[in-house]
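Participant: So I've got this file, query_9.cif, and it contains mmCIF, C-alpha atoms and all ligand atoms:
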```cif
data_work
loop_
_atom_site.group_PDB
_atom_site.id
_atom_site.type_symbol
_atom_site.label_atom_id
_atom_site.label_comp_id
_atom_site.auth_asym_id
_atom_site.auth_seq_id
_atom_site.Cartn_x
_atom_site.Cartn_y
_atom_site.Cartn_z
ATOM 1 C CA MET A 17 -79.035 85.429 -0.621
ATOM 2 C CA GLN A 18 -78.528 87.325 2.572
ATOM 3 C CA ALA A 19 -75.369 86.494 4.457
ATOM 4 C CA VAL A 20 -75.605 86.101 8.202
ATOM 5 C CA GLN A 21 -72.877 88.224 9.723
ATOM 6 C CA GLU A 22 -72.028 86.043 12.658
ATOM 7 C CA PRO A 23 -69.841 83.021 13.317
ATOM 8 C CA LEU A 24 -71.043 79.715 11.949
ATOM 9 C CA ARG A 25 -72.981 78.005 14.666
ATOM 10 C CA ILE A 26 -74.842 75.429 12.706
ATOM 11 C CA GLY A 27 -72.312 72.634 13.073
ATOM 12 C CA VAL A 28 -72.306 72.901 16.841
ATOM 13 C CA ALA A 29 -76.064 73.147 17.117
ATOM 14 C CA ALA A 30 -76.635 70.169 14.876
ATOM 15 C CA VAL A 31 -74.031 68.043 16.621
ATOM 16 C CA GLU A 32 -75.652 68.727 19.969
ATOM 17 C CA ILE A 33 -78.985 67.581 18.630
ATOM 18 C CA ASN A 34 -77.294 64.562 17.084
ATOM 19 C CA ASN A 35 -75.779 63.564 20.375
ATOM 20 C CA ASN A 36 -79.068 63.850 22.178
ATOM 21 C CA GLN A 37 -81.008 61.893 19.646
ATOM 22 C CA GLN A 38 -78.200 59.493 18.735
ATOM 23 C CA LEU A 39 -79.124 59.809 15.115
ATOM 24 C CA GLN A 40 -77.143 57.713 12.715
ATOM 25 C CA ILE A 41 -75.349 59.626 10.017
ATOM 26 C CA ALA A 42 -74.016 58.057 6.850
ATOM 27 C CA LYS A 43 -74.656 54.476 7.780
ATOM 28 C CA GLY A 44 -75.056 51.537 5.440
ATOM 29 C CA ARG A 45 -76.875 52.328 2.259
ATOM 30 C CA ALA A 46 -77.274 55.895 3.366
ATOM 31 C CA ASN A 47 -73.716 56.311 2.112
ATOM 32 C CA GLN A 48 -74.954 55.957 -1.414
ATOM 33 C CA GLU A 49 -77.352 58.005 -3.356
ATOM 34 C CA SER A 50 -80.597 56.120 -3.145
ATOM 35 C CA HIS A 51 -82.900 55.877 -6.108
ATOM 36 C CA PHE A 52 -86.057 54.158 -5.002
ATOM 37 C CA PRO A 53 -85.886 51.078 -7.283
ATOM 38 C CA MET A 54 -82.884 49.942 -5.178
ATOM 39 C CA PHE A 55 -85.100 49.219 -2.210
ATOM 40 C CA THR A 56 -85.906 45.647 -1.422
ATOM 41 C CA LYS A 57 -87.500 45.984 2.021
ATOM 42 C CA SER A 58 -91.136 47.086 2.006
ATOM 43 C CA PRO A 59 -92.512 49.373 4.655
ATOM 44 C CA LYS A 60 -94.628 47.582 7.248
ATOM 45 C CA HIS A 61 -97.720 49.462 6.199
ATOM 46 C CA GLN A 62 -98.501 50.675 2.734
ATOM 47 C CA VAL A 63 -98.052 54.393 2.485
ATOM 48 C CA LEU A 64 -100.984 55.633 0.447
ATOM 49 C CA THR A 65 -101.397 59.269 1.357
ATOM 50 C CA LEU A 66 -99.198 62.048 2.617
ATOM 51 C CA GLN A 67 -100.966 61.705 5.962
ATOM 52 C CA ASP A 68 -100.042 58.006 6.038
ATOM 53 C CA LEU A 69 -96.457 58.957 5.282
ATOM 54 C CA ILE A 70 -96.390 61.493 8.116
ATOM 55 C CA GLY A 71 -97.805 58.892 10.520
ATOM 56 C CA GLU A 72 -95.172 56.348 9.463
ATOM 57 C CA LEU A 73 -92.410 58.932 9.792
ATOM 58 C CA HIS A 74 -93.519 59.774 13.322
ATOM 59 C CA GLN A 75 -93.242 56.091 14.177
ATOM 60 C CA ALA A 76 -89.844 55.834 12.516
ATOM 61 C CA PHE A 77 -88.568 58.727 14.627
ATOM 62 C CA ALA A 78 -90.242 57.610 17.848
ATOM 63 C CA THR A 79 -87.063 55.984 19.139
ATOM 64 C CA ASP A 80 -83.704 57.682 19.570
ATOM 65 C CA LEU A 81 -81.947 55.453 17.048
ATOM 66 C CA VAL A 82 -83.280 56.237 13.608
ATOM 67 C CA ASP A 83 -82.972 53.827 10.687
ATOM 68 C CA ILE A 84 -82.418 56.263 7.840
ATOM 69 C CA ASP A 85 -82.745 53.486 5.256
ATOM 70 C CA HIS A 86 -86.265 52.823 6.508
ATOM 71 C CA VAL A 87 -87.018 56.538 6.338
ATOM 72 C CA GLN A 88 -85.895 56.544 2.714
ATOM 73 C CA GLU A 89 -88.079 53.537 1.991
ATOM 74 C CA LEU A 90 -91.063 55.344 3.430
ATOM 75 C CA MET A 91 -90.353 58.454 1.388
ATOM 76 C CA ALA A 92 -89.952 56.304 -1.740
ATOM 77 C CA SER A 93 -93.119 54.304 -1.154
ATOM 78 C CA TYR A 94 -95.392 57.339 -1.111
ATOM 79 C CA LYS A 95 -96.738 58.012 -4.608
ATOM 80 C CA SER A 96 -97.259 61.674 -5.267
ATOM 81 C CA ASN A 97 -100.871 62.823 -5.285
ATOM 82 C CA PRO A 98 -101.325 66.595 -5.717
ATOM 83 C CA ALA A 99 -104.577 66.418 -3.738
ATOM 84 C CA ASP A 100 -102.434 65.565 -0.678
ATOM 85 C CA TRP A 101 -99.897 68.367 -0.957
ATOM 86 C CA ARG A 102 -101.534 71.126 -2.999
ATOM 87 C CA ARG A 103 -102.328 73.183 0.100
ATOM 88 C CA TYR A 104 -98.626 73.400 0.943
ATOM 89 C CA ALA A 105 -97.443 74.173 -2.588
ATOM 90 C CA LYS A 106 -97.092 77.953 -2.515
ATOM 91 C CA PHE A 107 -94.883 79.468 -5.193
ATOM 92 C CA ASP A 108 -92.989 82.709 -5.386
ATOM 93 C CA ARG A 109 -92.231 84.300 -8.743
ATOM 94 C CA HIS A 110 -88.579 84.921 -7.973
ATOM 95 C CA ARG A 111 -87.188 82.010 -6.010
ATOM 96 C CA TYR A 112 -87.946 78.594 -4.634
ATOM 97 C CA THR A 113 -90.064 78.445 -1.499
ATOM 98 C CA ARG A 114 -89.873 76.215 1.597
ATOM 99 C CA ASN A 115 -93.243 75.257 3.074
ATOM 100 C CA LEU A 116 -93.334 73.387 6.362
ATOM 101 C CA VAL A 117 -95.706 70.421 6.362
ATOM 102 C CA ASP A 118 -94.809 68.719 9.628
ATOM 103 C CA ALA A 119 -92.338 69.498 12.408
ATOM 104 C CA GLY A 120 -91.921 65.842 13.376
ATOM 105 C CA ASN A 121 -92.034 66.317 17.159
ATOM 106 C CA GLY A 122 -88.771 68.206 16.883
ATOM 107 C CA LYS A 123 -87.026 65.179 15.371
ATOM 108 C CA PHE A 124 -87.462 66.050 11.694
ATOM 109 C CA ASN A 125 -88.912 68.648 9.362
ATOM 110 C CA LEU A 126 -91.024 67.638 6.390
ATOM 111 C CA ILE A 127 -91.092 70.449 3.852
ATOM 112 C CA VAL A 128 -92.671 71.024 0.438
ATOM 113 C CA LEU A 129 -90.355 73.003 -1.822
ATOM 114 C CA CYS A 130 -91.806 74.804 -4.831
ATOM 115 C CA TRP A 131 -89.526 75.556 -7.750
ATOM 116 C CA GLY A 132 -90.615 77.919 -10.472
ATOM 117 C CA GLU A 133 -89.134 77.586 -13.951
ATOM 118 C CA GLY A 134 -85.332 77.836 -13.684
ATOM 119 C CA HIS A 135 -85.318 78.367 -9.919
ATOM 120 C CA GLY A 136 -82.381 76.820 -8.101
ATOM 121 C CA SER A 137 -80.496 76.686 -4.841
ATOM 122 C CA ALA A 138 -76.928 77.838 -4.232
ATOM 123 C CA ILE A 139 -74.235 75.277 -3.451
ATOM 124 C CA HIS A 140 -74.963 74.353 0.162
ATOM 125 C CA ASP A 141 -74.440 71.875 2.946
ATOM 126 C CA HIS A 142 -77.105 70.343 5.216
ATOM 127 C CA ALA A 143 -75.920 71.335 8.690
ATOM 128 C CA ASN A 144 -75.063 67.778 9.775
ATOM 129 C CA ALA A 145 -78.586 66.606 8.999
ATOM 130 C CA HIS A 146 -79.955 63.788 6.915
ATOM 131 C CA CYS A 147 -81.685 65.064 3.794
ATOM 132 C CA VAL A 148 -84.112 62.917 1.818
ATOM 133 C CA MET A 149 -85.569 64.625 -1.230
ATOM 134 C CA LYS A 150 -88.497 63.277 -3.223
ATOM 135 C CA VAL A 151 -89.839 64.801 -6.421
ATOM 136 C CA LEU A 152 -93.592 65.302 -6.226
ATOM 137 C CA GLN A 153 -94.055 67.007 -9.577
ATOM 138 C CA GLY A 154 -91.866 67.922 -12.532
ATOM 139 C CA GLU A 155 -88.138 67.276 -12.646
ATOM 140 C CA LEU A 156 -85.211 68.420 -10.531
ATOM 141 C CA ALA A 157 -81.532 68.427 -11.438
ATOM 142 C CA GLU A 158 -79.036 67.896 -8.640
ATOM 143 C CA VAL A 159 -75.334 68.706 -8.964
ATOM 144 C CA ARG A 160 -73.125 67.295 -6.246
ATOM 145 C CA TYR A 161 -69.814 68.864 -5.208
ATOM 146 C CA ALA A 162 -66.871 67.957 -3.021
ATOM 147 C CA TRP A 163 -66.222 70.014 0.083
ATOM 148 C CA PRO A 164 -63.876 72.890 -0.754
ATOM 149 C CA HIS A 165 -61.451 72.601 2.121
ATOM 150 C CA GLU A 166 -59.761 69.346 1.141
ATOM 151 C CA LYS A 167 -57.029 71.325 -0.613
ATOM 152 C CA GLN A 168 -56.816 73.763 2.278
ATOM 153 C CA LEU A 169 -56.344 70.927 4.734
ATOM 154 C CA ASP A 170 -53.619 69.422 2.579
ATOM 155 C CA ALA A 171 -50.274 69.707 4.378
ATOM 156 C CA ASN A 172 -48.635 70.150 0.972
ATOM 157 C CA ASN A 173 -50.647 73.305 0.431
ATOM 158 C CA PRO A 174 -49.292 75.643 3.096
ATOM 159 C CA THR A 175 -51.071 78.678 1.647
ATOM 160 C CA LYS A 176 -54.444 77.353 2.801
ATOM 161 C CA GLU A 177 -56.016 79.588 0.225
ATOM 162 C CA PRO A 178 -59.600 78.996 -0.801
ATOM 163 C CA SER A 179 -59.983 76.445 -3.558
ATOM 164 C CA ALA A 180 -62.629 76.129 -6.240
ATOM 165 C CA ILE A 181 -65.349 73.613 -5.591
ATOM 166 C CA TYR A 182 -65.348 70.708 -8.007
ATOM 167 C CA GLU A 183 -68.303 68.759 -9.266
ATOM 168 C CA ILE A 184 -68.667 65.087 -8.345
ATOM 169 C CA GLU A 185 -71.766 64.118 -10.318
ATOM 170 C CA ARG A 186 -75.070 65.328 -11.637
ATOM 171 C CA ASN A 187 -78.417 63.604 -11.855
ATOM 172 C CA THR A 188 -81.930 64.458 -12.872
ATOM 173 C CA PHE A 189 -84.814 63.149 -10.807
ATOM 174 C CA GLY A 190 -88.343 62.645 -12.097
ATOM 175 C CA GLN A 191 -91.640 62.366 -10.281
ATOM 176 C CA ASN A 192 -91.542 60.009 -7.268
ATOM 177 C CA SER A 193 -87.761 59.570 -7.407
ATOM 178 C CA ILE A 194 -85.840 60.189 -4.227
ATOM 179 C CA CYS A 195 -82.272 61.086 -3.463
ATOM 180 C CA TYR A 196 -80.351 61.217 -0.223
ATOM 181 C CA ILE A 197 -77.513 63.439 0.911
ATOM 182 C CA ASN A 198 -75.714 64.333 4.102
ATOM 183 C CA ASP A 199 -72.568 66.353 4.687
ATOM 184 C CA SER A 200 -70.300 63.309 4.516
ATOM 185 C CA LEU A 201 -71.418 62.830 0.891
ATOM 186 C CA GLY A 202 -70.618 66.396 -0.101
ATOM 187 C CA LEU A 203 -72.447 69.554 -1.068
ATOM 188 C CA HIS A 204 -75.085 70.064 -3.689
ATOM 189 C CA ARG A 205 -77.269 72.465 -5.525
ATOM 190 C CA VAL A 206 -80.689 71.692 -6.961
ATOM 191 C CA GLU A 207 -82.437 73.306 -9.893
ATOM 192 C CA ASN A 208 -85.657 73.062 -11.826
ATOM 193 C CA PRO A 209 -84.186 72.765 -15.320
ATOM 194 C CA SER A 210 -87.497 73.389 -17.067
ATOM 195 C CA THR A 211 -88.282 76.722 -18.695
ATOM 196 C CA VAL A 212 -91.979 75.884 -18.894
ATOM 197 C CA ASN A 213 -92.935 73.619 -15.977
ATOM 198 C CA PRO A 214 -92.820 74.217 -12.228
ATOM 199 C CA ALA A 215 -91.480 71.508 -9.937
ATOM 200 C CA VAL A 216 -92.430 70.459 -6.411
ATOM 201 C CA SER A 217 -90.389 68.352 -4.020
ATOM 202 C CA LEU A 218 -90.810 66.920 -0.540
ATOM 203 C CA HIS A 219 -87.773 67.146 1.750
ATOM 204 C CA LEU A 220 -87.163 65.469 5.061
ATOM 205 C CA TYR A 221 -84.426 66.883 7.282
ATOM 206 C CA SER A 222 -83.320 65.301 10.511
ATOM 207 C CA PRO A 223 -82.444 66.865 12.826
ATOM 208 C CA PRO A 224 -84.260 70.015 11.744
ATOM 209 C CA PHE A 225 -81.987 72.982 11.101
ATOM 210 C CA THR A 226 -82.469 76.717 10.721
ATOM 211 C CA THR A 227 -79.074 77.668 9.313
ATOM 212 C CA CYS A 228 -76.887 76.044 6.705
ATOM 213 C CA SER A 229 -73.831 77.141 4.744
ATOM 214 C CA VAL A 230 -73.661 78.277 1.153
ATOM 215 C CA PHE A 231 -70.444 78.185 -0.846
ATOM 216 C CA ASN A 232 -68.865 80.262 -3.570
ATOM 217 C CA LYS A 233 -68.069 77.902 -6.443
ATOM 218 C CA GLN A 234 -64.890 79.743 -7.481
ATOM 219 C CA THR A 235 -63.285 80.335 -4.089
ATOM 220 C CA GLY A 236 -64.930 77.751 -1.866
ATOM 221 C CA GLN A 237 -65.751 80.569 0.542
ATOM 222 C CA ARG A 238 -68.405 79.610 3.050
ATOM 223 C CA THR A 239 -71.236 81.871 4.222
ATOM 224 C CA ALA A 240 -73.887 81.116 6.831
ATOM 225 C CA CYS A 241 -77.429 81.345 5.552
ATOM 226 C CA LYS A 242 -80.681 81.239 7.490
ATOM 227 C CA VAL A 243 -83.288 78.925 6.068
ATOM 228 C CA THR A 244 -86.841 80.094 6.526
ATOM 229 C CA PHE A 245 -90.359 78.974 5.752
ATOM 230 C CA TRP A 246 -92.517 80.676 3.184
ATOM 231 C CA SER A 247 -95.512 79.021 4.829
ATOM 232 C CA LYS A 248 -96.153 76.767 7.786
ATOM 233 C CA PHE A 249 -98.857 74.106 7.875
ATOM 234 C CA GLY A 250 -100.487 75.579 4.782
ATOM 235 C CA GLU A 251 -100.567 79.149 6.108
ATOM 236 C CA ARG A 252 -98.441 81.986 4.767
ATOM 237 C CA ARG A 253 -96.119 83.601 7.285
ATOM 238 C CA ASN A 254 -95.831 87.326 7.944
ATOM 239 C CA ARG A 255 -93.947 89.465 5.456
ATOM 240 C CA VAL A 256 -90.939 90.244 7.635
ATOM 241 C CA ILE A 257 -90.108 86.578 7.907
ATOM 242 C CA GLN A 258 -90.885 85.905 4.268
ATOM 243 C CA GLU A 259 -88.355 88.502 3.214
ATOM 244 C CA GLU A 260 -85.523 86.579 4.818
ATOM 245 C CA ARG A 261 -83.703 84.639 2.165
ATOM 246 C CA ASP A 262 -83.114 80.967 1.610
ATOM 247 C CA PRO A 263 -80.017 79.512 -0.023
ATOM 248 C CA GLU A 264 -81.270 80.334 -3.511
ATOM 249 C CA ASP A 265 -78.999 81.597 -6.207
ATOM 250 C CA ASN A 266 -81.127 83.586 -8.594
HETATM 251 N N1 LIG B 301 -81.606 71.926 1.043
HETATM 252 C C1 LIG B 301 -82.306 73.022 0.389
HETATM 253 C C2 LIG B 301 -83.098 72.613 -0.783
HETATM 254 S S1 LIG B 301 -82.188 71.779 -1.949
HETATM 255 O O1 LIG B 301 -81.621 72.572 -2.883
HETATM 256 O O2 LIG B 301 -81.724 70.584 -1.578
HETATM 257 C C3 LIG B 301 -83.241 73.684 1.369
HETATM 258 O O3 LIG B 301 -83.640 73.046 2.336
HETATM 259 O O4 LIG B 301 -83.627 74.835 1.154
HETATM 260 FE FE FE B 302 -80.178 70.657 -0.255
#
```
Any chance you could give the structure as structure tokens?
Facilitator:
Amino acid sequence: MQAVQEPLRIGVAAVEINNNQQLQIAKGRANQESHFPMFTKSPKHQVLTLQDLIGELHQAFATDLVDIDHVQELMASYKSNPADWRRYAKFDRHRYTRNLVDAGNGKFNLIVLCWGEGHGSAIHDHANAHCVMKVLQGELAEVRYAWPHEKQLDANNPTKEPSAIYEIERNTFGQNSICYINDSLGLHRVENPSTVNPAVSLHLYSPPFTTCSVFNKQTGQRTACKVTFWSKFGERRNRVIQEERDPEDN
């Protein structure tokens, strides 16, 4: 991971976008982790292909007020078909990759993430964005953590020293499962637990973000981290950009 040596700007940037788009954060069922069997409302149109999903997502984000539950339903209703997403699934030997599929008219990013055996992310936040993650292939383990600064903000703790980050829960997600997180639900890290199988996931972020924070588990210390794309729209990017690091931890 390469630290960005400048003040954290992500919160401000994301809030500005939020205000403009009036996106709803942490509303209704979005407060809970959402496994797709919980859904009762069907999408208006059946989502058969990734292209269908992208079309439905564009409609869902066409207005300023986004129903994030509906977005989760759409993500859940798509059934993974490698023929749809293979062209985006570009792996690196050393770390997970982020491959942009659709830039959602500036309202969201749809990204295919490719996880080699044992690859994982560092503990990170999501820059005030909604994050819906769907497993397309293999299995992913998610560990969720509380924000570190609760202790620091505690009036009874005048030292305001960094505090270790504690785990809230962990879950493993199989093919076609989805999970949802935003900053009000905590931090997380994701890992492909398999030593033999790769994993692929589809992530929707809204609003899109280019920087998030990663956290030291022992101290709670926060570091800004640029997030970059290994490929865009199925095409590899130039090497300078590829060498920038994502919030990976191995
Ligand atoms: N949020 C991470 C992937 S994950 O570990 O949730 C990213 O966009 O790179
Ligand atoms: Fe994440």
Participant: Between atom CA of Ser96 of chain A and atom CA of Glu251 of chain A, what is the distance, to one decimal in Å?
Facilitator: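 These atoms are spaced 21.1 Å apart.
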Participant: Is there a way to get, as a PyMOL selection string, all residues within 7 Å of the point (-85.3, 76.2, -18.9) in file coordinates, counting all atoms listed in the file?
Facilitator: chain A and resi 133-134+209-212
Participant: Between atom CA of Leu73 of chain A and atom CA of Val151 of chain A, what distance in Å does the model show, to one decimal?
Facilitator: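 Pair atom CA of Leu73 of chain A / atom CA of Val151 of chain A returns 17.4 Å.
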Participant: His74 of chain A: which residues within 9 Å, counting all atoms listed in the file, same-chain residues fewer than 5 positions away excluded, as a VMD selection string?
Facilitator: chain A and resid 69 120 to 121 123 to 124
Participant: I'd like to see the residues matched by the PyMOL selection byres (((not hetatm)) within 12 of (chain B and resi 302)) on this file, and ideally I'd get them as a PyMOL selection string.
Facilitator: chain A and resi 112+114+127+129+136-150+156-161+195-199+201-207+217-221+225+227-230+243+262-264
Participant: Rank A:Ile184, A:Ala119, A:Leu64, A:Leu126 by their smallest atom-to-atom distance to ligand LIG 301 (chain B), using only C-alpha atoms and all ligand atoms, and report the top residue only.
Facilitator: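 Counting only C-alpha atoms and all ligand atoms, the residue closest to ligand LIG 301 (chain B) is A:Leu126.
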Participant: If I take atom CA of Gly132 of chain A and atom CA of Ala215 of chain A, how far is one from the other in Å, to one decimal?
Facilitator: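 A separation of 6.5 Å between them.
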Participant: Take every atom of segment 135-141 of chain A listed in the file, fit an axis-aligned box around them, add 6 Å per side, and give the centre and edge lengths in Å to one decimal as JSON.
Facilitator:
```
{"center_x": -79.8, "center_y": 75.1, "center_z": -3.5, "size_x": 23.1, "size_y": 18.5, "size_z": 24.9}
```
Participant: From the options A:Val128, A:Pro98, A:Trp163, A:Asn213, which residue's atoms come nearest to ligand LIG 301 (chain B), counting all atoms listed in the file?
Facilitator: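 Nearest to ligand LIG 301 (chain B): A:Val128.
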Participant: So, counting all atoms listed in the file, which residue among A:Ser193, A:Asn125, A:Asn187, A:Thr239 is closest to ligand LIG 301 (chain B)?
Facilitator: A:Asn125
Participant: Using only C-alpha atoms and all ligand atoms, pick whichever of A:Thr79, A:Gln62, A:Asn208, A:Gln67 has the shortest atom-to-atom distance to ligand LIG 301 (chain B).
Facilitator: A:Asn208
Participant: Any chance you could build segment 182-195 of chain A out to N, CA, C and O atoms and write it as a compact mmCIF listing (two decimals), in the frame of the given file?
Facilitator:
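The file below, rebuild_33.txt, is the result:
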```
# COMPACT_ATOMS: atom_id res chain seq x y z
N TYR A 182 -65.20 71.50 -6.79
CA TYR A 182 -65.35 70.71 -8.01
C TYR A 182 -66.55 69.78 -7.93
O TYR A 182 -66.95 69.32 -6.88
N GLU A 183 -67.07 69.54 -9.13
CA GLU A 183 -68.30 68.76 -9.27
C GLU A 183 -67.99 67.27 -9.15
O GLU A 183 -67.00 66.80 -9.71
N ILE A 184 -68.83 66.54 -8.45
CA ILE A 184 -68.67 65.09 -8.35
C ILE A 184 -69.57 64.38 -9.35
O ILE A 184 -69.17 63.48 -10.07
N GLU A 185 -70.83 64.76 -9.39
CA GLU A 185 -71.77 64.12 -10.32
C GLU A 185 -73.01 64.97 -10.46
O GLU A 185 -73.25 65.88 -9.66
N ARG A 186 -73.77 64.67 -11.50
CA ARG A 186 -75.07 65.33 -11.64
C ARG A 186 -76.12 64.32 -12.07
O ARG A 186 -75.84 63.39 -12.81
N ASN A 187 -77.31 64.51 -11.56
CA ASN A 187 -78.42 63.60 -11.86
C ASN A 187 -79.71 64.40 -11.98
O ASN A 187 -79.85 65.45 -11.36
N THR A 188 -80.61 63.85 -12.77
CA THR A 188 -81.93 64.46 -12.87
C THR A 188 -82.94 63.48 -12.30
O THR A 188 -82.88 62.28 -12.57
N PHE A 189 -83.83 63.99 -11.48
CA PHE A 189 -84.81 63.15 -10.81
C PHE A 189 -86.22 63.50 -11.28
O PHE A 189 -86.59 64.68 -11.32
N GLY A 190 -86.97 62.46 -11.65
CA GLY A 190 -88.34 62.64 -12.10
C GLY A 190 -89.32 62.37 -10.97
O GLY A 190 -88.93 62.04 -9.84
N GLN A 191 -90.59 62.51 -11.29
CA GLN A 191 -91.64 62.37 -10.28
C GLN A 191 -91.51 61.04 -9.53
O GLN A 191 -91.31 59.99 -10.14
N ASN A 192 -91.59 61.12 -8.22
CA ASN A 192 -91.54 60.01 -7.27
C ASN A 192 -90.13 59.48 -7.00
O ASN A 192 -89.96 58.58 -6.17
N SER A 193 -89.14 59.97 -7.73
CA SER A 193 -87.76 59.57 -7.41
C SER A 193 -87.34 60.22 -6.10
O SER A 193 -87.82 61.30 -5.75
N ILE A 194 -86.41 59.56 -5.41
CA ILE A 194 -85.84 60.19 -4.23
C ILE A 194 -84.32 60.23 -4.35
O ILE A 194 -83.73 59.47 -5.11
N CYS A 195 -83.72 61.14 -3.63
CA CYS A 195 -82.27 61.09 -3.46
C CYS A 195 -81.93 61.45 -2.02
O CYS A 195 -82.76 62.05 -1.31
```
